[in-house]
file input_6.txt (compact mmCIF, C-alpha atoms)
# COMPACT_ATOMS: atom_id res chain seq x y z
CA ILE A 1 20.60 12.81 42.61
CA GLU A 2 16.93 11.73 42.57
CA LYS A 3 16.08 14.53 40.14
CA ALA A 4 18.99 13.57 37.92
CA LEU A 5 17.85 9.95 37.91
CA GLU A 6 14.28 10.99 37.09
CA ALA A 7 15.53 13.18 34.27
CA HIS A 8 17.66 10.31 32.92
CA HIS A 9 14.72 7.92 33.19
CA LEU A 10 12.46 10.34 31.30
CA MET A 11 15.11 10.78 28.63
CA VAL A 12 15.43 6.99 28.19
CA GLU A 13 11.62 6.63 28.00
CA ASN A 14 11.39 9.40 25.41
CA LYS A 15 14.11 7.75 23.31
CA THR A 16 12.34 4.38 23.59
CA LEU A 17 9.01 5.91 22.55
CA SER A 18 10.70 7.76 19.71
CA TYR A 19 12.32 4.53 18.50
CA LYS A 20 9.01 2.65 18.71
CA ASN A 21 7.25 5.46 16.85
CA GLN A 22 9.88 5.31 14.12
CA GLU A 23 9.45 1.53 13.86
CA LEU A 24 5.68 1.93 13.68
CA LEU A 25 6.03 4.62 11.02
CA LEU A 26 8.38 2.48 8.94
CA LYS A 27 6.07 -0.53 9.29
CA THR A 28 3.10 1.58 8.19
CA GLU A 29 5.04 2.90 5.22
CA ARG A 30 6.03 -0.64 4.20
CA GLN A 31 2.44 -1.80 4.48
CA GLU A 32 1.25 1.13 2.37
CA LYS A 33 3.90 0.38 -0.29
CA GLU A 34 2.91 -3.31 -0.32
CA TYR A 35 -0.75 -2.36 -0.64
CA ILE A 36 -0.01 0.00 -3.55
CA ARG A 37 2.18 -2.63 -5.21
CA SER A 38 -0.58 -5.21 -4.76
CA GLN A 39 -3.18 -2.87 -6.25
CA LEU A 40 -0.94 -2.13 -9.23
CA GLU A 41 -0.32 -5.84 -9.76
CA ASN A 42 -4.06 -6.56 -9.65
CA LEU A 43 -4.67 -3.77 -12.14
CA ARG A 44 -1.95 -5.15 -14.42
CA LYS A 45 -3.54 -8.61 -14.29
CA GLN A 46 -6.91 -7.13 -15.19
CA LEU A 47 -5.55 -5.13 -18.12
CA ASN A 48 -3.42 -7.84 -19.74
CA PRO A 49 -6.22 -10.42 -20.10
CA HIS A 50 -8.56 -7.85 -21.63
CA PHE A 51 -5.87 -6.81 -24.06
CA LEU A 52 -5.15 -10.41 -25.02
CA PHE A 53 -8.81 -11.36 -25.44
CA ASN A 54 -9.43 -8.26 -27.55
CA CYS A 55 -6.50 -9.27 -29.76
CA LEU A 56 -7.77 -12.84 -30.05
CA ASN A 57 -11.27 -11.65 -30.93
CA THR A 58 -9.82 -9.31 -33.56
CA LEU A 59 -7.66 -12.09 -34.97
CA HIS A 60 -10.64 -14.45 -35.02
CA ALA A 61 -12.62 -11.91 -37.05
CA MET A 62 -9.74 -11.46 -39.49
CA VAL A 63 -9.74 -15.08 -40.66
CA PRO A 64 -13.36 -15.83 -41.66
CA GLU A 65 -12.23 -18.06 -44.53
CA ALA A 66 -9.81 -20.12 -42.42
CA PRO A 67 -11.83 -22.46 -40.18
CA ASP A 68 -8.74 -24.23 -38.83
CA ALA A 69 -7.20 -20.94 -37.76
CA ARG A 70 -10.48 -19.81 -36.18
CA LYS A 71 -10.74 -23.06 -34.21
CA PHE A 72 -7.13 -22.74 -33.04
CA ILE A 73 -7.83 -19.21 -31.79
CA GLN A 74 -10.97 -20.43 -29.99
CA LYS A 75 -9.04 -23.23 -28.25
CA LEU A 76 -6.22 -20.87 -27.26
CA SER A 77 -8.74 -18.40 -25.89
CA ALA A 78 -10.51 -21.16 -23.92
CA ALA A 79 -7.21 -22.39 -22.46
CA TYR A 80 -6.20 -18.90 -21.38
CA ARG A 81 -9.65 -18.27 -19.95
CA TYR A 82 -9.31 -21.41 -17.82
CA LEU A 83 -6.00 -20.16 -16.39
CA LEU A 84 -7.56 -16.82 -15.52
CA ASP A 85 -10.73 -18.25 -14.01
CA HIS A 86 -8.81 -20.66 -11.80
CA ASN A 87 -5.80 -18.46 -11.07
CA ASP A 88 -6.66 -18.17 -7.37
CA GLU A 89 -8.01 -21.71 -6.95
CA ASN A 90 -5.79 -24.46 -5.60
CA ILE A 91 -8.04 -27.35 -6.63
CA VAL A 92 -10.58 -27.84 -9.42
CA THR A 93 -12.87 -30.63 -10.55
CA VAL A 94 -11.44 -33.36 -12.73
CA ALA A 95 -14.02 -32.35 -15.37
CA ASP A 96 -12.74 -28.76 -15.50
CA GLU A 97 -9.11 -29.85 -15.66
CA LEU A 98 -9.82 -32.36 -18.44
CA GLY A 99 -11.50 -29.62 -20.48
CA PHE A 100 -8.30 -27.61 -20.16
CA VAL A 101 -6.18 -30.64 -21.10
CA GLU A 102 -8.33 -31.29 -24.18
CA ASN A 103 -7.82 -27.72 -25.39
CA TYR A 104 -4.09 -28.00 -24.71
CA PHE A 105 -3.89 -31.25 -26.68
CA TYR A 106 -5.67 -29.61 -29.61
CA LEU A 107 -3.12 -26.77 -29.68
CA GLN A 108 -0.24 -29.26 -29.59
CA LYS A 109 -1.78 -31.44 -32.30
CA VAL A 110 -1.77 -28.45 -34.65
CA ARG A 111 1.97 -28.23 -34.02
CA PHE A 112 2.91 -31.93 -34.03
CA LYS A 113 0.11 -33.41 -36.19
CA ASN A 114 0.53 -37.21 -36.40
CA ALA A 115 3.71 -37.09 -34.32
CA LEU A 116 1.49 -36.80 -31.23
CA ILE A 117 -1.08 -39.47 -30.32
CA TYR A 118 -3.21 -39.22 -27.21
CA ASP A 119 -6.16 -40.87 -25.53
CA ILE A 120 -8.24 -39.81 -22.51
CA ASP A 121 -10.24 -42.52 -20.77
CA ILE A 122 -11.86 -41.11 -17.62
CA SER A 123 -15.16 -42.43 -16.25
CA GLU A 124 -17.98 -40.04 -15.36
CA GLN A 125 -17.86 -41.15 -11.71
CA VAL A 126 -14.51 -39.39 -11.32
CA LEU A 127 -15.37 -36.08 -13.00
CA SER A 128 -16.81 -34.45 -9.87
CA LYS A 129 -13.72 -35.22 -7.78
CA MET A 130 -10.86 -32.77 -7.36
CA ILE A 131 -7.23 -32.36 -8.39
CA PRO A 132 -4.78 -29.43 -8.17
CA SER A 133 -5.51 -26.84 -10.86
CA SER A 134 -3.41 -27.15 -14.02
CA SER A 135 -1.84 -30.40 -12.73
CA GLY A 136 -3.03 -32.59 -15.61
CA GLN A 137 -1.88 -30.06 -18.18
CA LEU A 138 1.50 -29.76 -16.46
CA LEU A 139 2.11 -33.51 -16.67
CA VAL A 140 1.12 -33.58 -20.35
CA GLU A 141 3.34 -30.57 -21.06
CA ASN A 142 6.30 -32.27 -19.36
CA ALA A 143 5.78 -35.40 -21.45
CA ILE A 144 5.82 -33.35 -24.66
CA LYS A 145 8.73 -31.19 -23.53
CA HIS A 146 11.12 -34.01 -22.61
CA ASN A 147 10.37 -36.64 -25.27
CA ILE A 148 10.89 -37.05 -29.00
CA ALA A 149 7.77 -36.59 -31.12
CA THR A 150 8.25 -37.20 -34.84
CA GLN A 151 6.29 -38.81 -37.67
CA GLU A 152 8.68 -41.78 -37.54
CA GLN A 153 8.60 -41.96 -33.74
CA PRO A 154 5.29 -40.51 -32.53
CA LEU A 155 4.82 -39.66 -28.88
CA GLU A 156 1.92 -41.49 -27.24
CA ILE A 157 0.20 -40.04 -24.16
CA PHE A 158 -2.61 -41.73 -22.25
CA LEU A 159 -4.70 -40.30 -19.41
CA TYR A 160 -6.70 -42.60 -17.17
CA VAL A 161 -7.59 -43.24 -13.52
CA GLU A 162 -6.18 -46.07 -11.45
CA ASP A 163 -6.60 -46.61 -7.69
CA ASP A 164 -7.80 -43.03 -7.14
CA TYR A 165 -4.81 -41.63 -9.01
CA LEU A 166 -4.86 -39.64 -12.23
CA VAL A 167 -2.26 -41.30 -14.44
CA VAL A 168 -0.44 -39.68 -17.35
CA LYS A 169 1.41 -42.45 -19.21
CA ASN A 170 3.68 -41.55 -22.10
CA SER A 171 6.07 -43.46 -24.33
CA PHE A 172 9.58 -43.02 -22.93
CA GLN A 173 11.76 -41.61 -25.70
CA HIS A 174 13.83 -38.86 -24.14
CA LYS A 175 15.43 -36.23 -26.34
CA LEU A 176 19.19 -36.50 -26.79
CA ILE A 177 19.39 -32.76 -26.19
CA PRO A 178 16.76 -32.02 -23.53
CA GLU A 179 14.96 -28.71 -23.43
CA VAL A 180 16.01 -26.30 -20.70
CA SER A 181 13.75 -26.86 -17.72
CA THR A 182 13.56 -25.14 -14.33
CA ARG A 183 11.60 -28.10 -12.86
CA ILE A 184 9.66 -25.52 -10.87
CA GLY A 185 6.30 -26.81 -12.12
CA GLN A 186 6.69 -30.36 -10.87
CA GLN A 187 8.21 -29.24 -7.56
CA ASN A 188 5.39 -26.75 -7.08
CA LEU A 189 2.85 -29.52 -7.74
CA LYS A 190 4.50 -31.76 -5.12
CA GLU A 191 4.38 -28.98 -2.52
CA ARG A 192 0.74 -28.21 -3.26
CA LEU A 193 -0.21 -31.87 -2.89
CA ARG A 194 1.66 -32.06 0.41
CA TYR A 195 -0.82 -29.57 1.87
CA LEU A 196 -3.83 -31.30 0.37
CA THR A 197 -3.30 -35.02 1.03
CA TYR A 198 -1.05 -37.55 2.73
CA LYS A 199 -0.76 -39.44 -0.57
CA GLU A 200 2.43 -38.88 -2.51
CA PRO A 201 2.61 -38.27 -6.27
CA GLU A 202 4.59 -40.89 -8.17
CA PHE A 203 6.97 -40.46 -11.12
CA TYR A 204 8.77 -43.46 -12.59
CA GLN A 205 9.79 -45.30 -15.74
CA GLU A 206 8.61 -48.83 -16.36
CA GLY A 207 9.53 -50.60 -19.59
CA ALA A 208 8.92 -48.41 -22.62
CA PHE A 209 6.69 -45.94 -20.75
CA TYR A 210 6.99 -43.18 -18.19
CA TYR A 211 4.29 -42.77 -15.55
CA SER A 212 3.16 -39.67 -13.67
CA ARG A 213 0.54 -40.35 -11.00
CA ILE A 214 -1.17 -37.75 -8.83
CA PRO A 215 -3.81 -38.50 -6.18
CA ILE A 216 -7.42 -37.59 -6.88
CA LEU A 217 -9.10 -35.77 -3.98
CA ASP A 218 -12.59 -36.44 -2.71
CA PRO A 219 -14.44 -33.11 -2.13
CA LYS A 220 -16.05 -34.64 1.00
CA ASP A 221 -12.65 -35.03 2.70
call {"tool": "encode", "arguments": {"input": "input_6.txt", "output": "structure tokens"}}
result
Amino acid sequence: IEKALEAHHLMVENKTLSYKNQELLLKTERQEKEYIRSQLENLRKQLNPHFLFNCLNTLHAMVPEAPDARKFIQKLSAAYRYLLDHNDENIVTVADELGFVENYFYLQKVRFKNALIYDIDISEQVLSKMIPSSSGQLLVENAIKHNIATQEQPLEIFLYVEDDYLVVKNSFQHKLIPEVSTRIGQQNLKERLRYLTYKEPEFYQEGAFYYSRIPILDPKD
């Protein structure tokens, strides 16, 4: 009986070890697949930007007699470069973000012309502080996406700082047929801010304007 019990115990141990080995093998295989997938994704990200910048440089060289087109290409290239440079950064300086916003405004002005009016009034004391990357551009993009912008009814957008908040104020003139929106960008911004500060972003309409306010972060905190 003792020998039978020992044999049964050894059999159970062997099965347990075999099961654990299989689990370990499967886990290792999954990790290897994830690593390969990650490497391929990184390679894809490296190739696409080079391809795009090569195309932009080629296009820039093809329009020597069209200064407006050349400037548009330069601004588009600068905007895309910003996205690449700060792809892995959660926060950036206000100065860097405003540079991105300026380039984005230029691209939109080519499209909307006098139907889009904007003003940026940010003091130098704020430029070294921090905000989530691409947050200012996202708020401006939302304002343009959801509001009417025509020659007869131009869209006005103002950027300024108030009580340690970056404010994007736009004339409230919602489109009758709104553009399809996933609202992922604004929700993502809220979640990112939740990890960075106890201050809440604010979104509200007041009178003829809509306000988007996000807290500015002090790099010392």
call {"tool": "atom_distance", "arguments": {"input": "input_6.txt", "atom1": "CA of Leu159 (chain A)", "atom2": "CA of Leu98 (chain A)"}}
result
9.5 Å
call {"tool": "atom_distance", "arguments": {"input": "input_6.txt", "atom1": "CA of Asn87 (chain A)", "atom2": "CA of Arg213 (chain A)"}}
result
22.8 Å
call {"tool": "atom_distance", "arguments": {"input": "input_6.txt", "atom1": "CA of Leu83 (chain A)", "atom2": "CA of Lys71 (chain A)"}}
result
18.7 Å
call {"tool": "residues_near_point", "arguments": {"input": "input_6.txt", "point": "(-6.7, -28.2, -24.2)", "cutoff": "12 Å", "atoms": "only C-alpha atoms", "output": "ChimeraX atom specification"}}
result
/A:71-83,96-110,118,120,134,136-138,140-141
call {"tool": "closest_atom_pairs", "arguments": {"input": "input_6.txt", "of": "region 51-122 of chain A", "to": "region 214-220 of chain A", "cutoff": "12 Å", "atoms": "all atoms listed in the file", "output": "tab-separated table"}}
result
residue	atom	partner	partner_atom	distance
A:Asn90	CA	A:Leu217	CA	11.9
A:Ile91	CA	A:Leu217	CA	8.9
A:Val92	CA	A:Leu217	CA	9.7
A:Thr93	CA	A:Pro219	CA	8.9
A:Val94	CA	A:Ile216	CA	8.3
A:Ala95	CA	A:Ile216	CA	12.0
A:Glu97	CA	A:Ile216	CA	11.8
call {"tool": "closest_residue", "arguments": {"input": "input_6.txt", "among": "A:Asn188, A:Asn57, A:Ser171, A:Gln205", "to": "Asn147 (chain A)", "atoms": "only C-alpha atoms"}}
result
A:Ser171
call {"tool": "closest_residue", "arguments": {"input": "input_6.txt", "among": "A:His174, A:Leu189, A:Val161, A:Glu156", "to": "Gln125 (chain A)", "atoms": "only C-alpha atoms"}}
result
A:Val161
call {"tool": "closest_residue", "arguments": {"input": "input_6.txt", "among": "A:Ser133, A:Leu116, A:Asp68, A:Val167", "to": "His86 (chain A)", "atoms": "all atoms listed in the file"}}
result
A:Ser133
call {"tool": "residues_near_point", "arguments": {"input": "input_6.txt", "point": "(2.6, -37.7, -39.5)", "cutoff": "9 Å", "atoms": "all atoms listed in the file", "output": "PyMOL selection string"}}
result
chain A and resi 112-116+150-152+154
call {"tool": "closest_residue", "arguments": {"input": "input_6.txt", "among": "A:Ala208, A:Val168, A:Leu56, A:Leu193", "to": "Asp119 (chain A)", "atoms": "only C-alpha atoms"}}
result
A:Val168
call {"tool": "closest_residue", "arguments": {"input": "input_6.txt", "among": "A:Ala69, A:Gln187, A:Pro201, A:Ile157", "to": "Ile131 (chain A)", "atoms": "all atoms listed in the file"}}
result
A:Pro201
call {"tool": "closest_residue", "arguments": {"input": "input_6.txt", "among": "A:Ile144, A:Arg111, A:Gln173, A:Lys190", "to": "Gly207 (chain A)", "atoms": "all atoms listed in the file"}}
result
A:Gln173
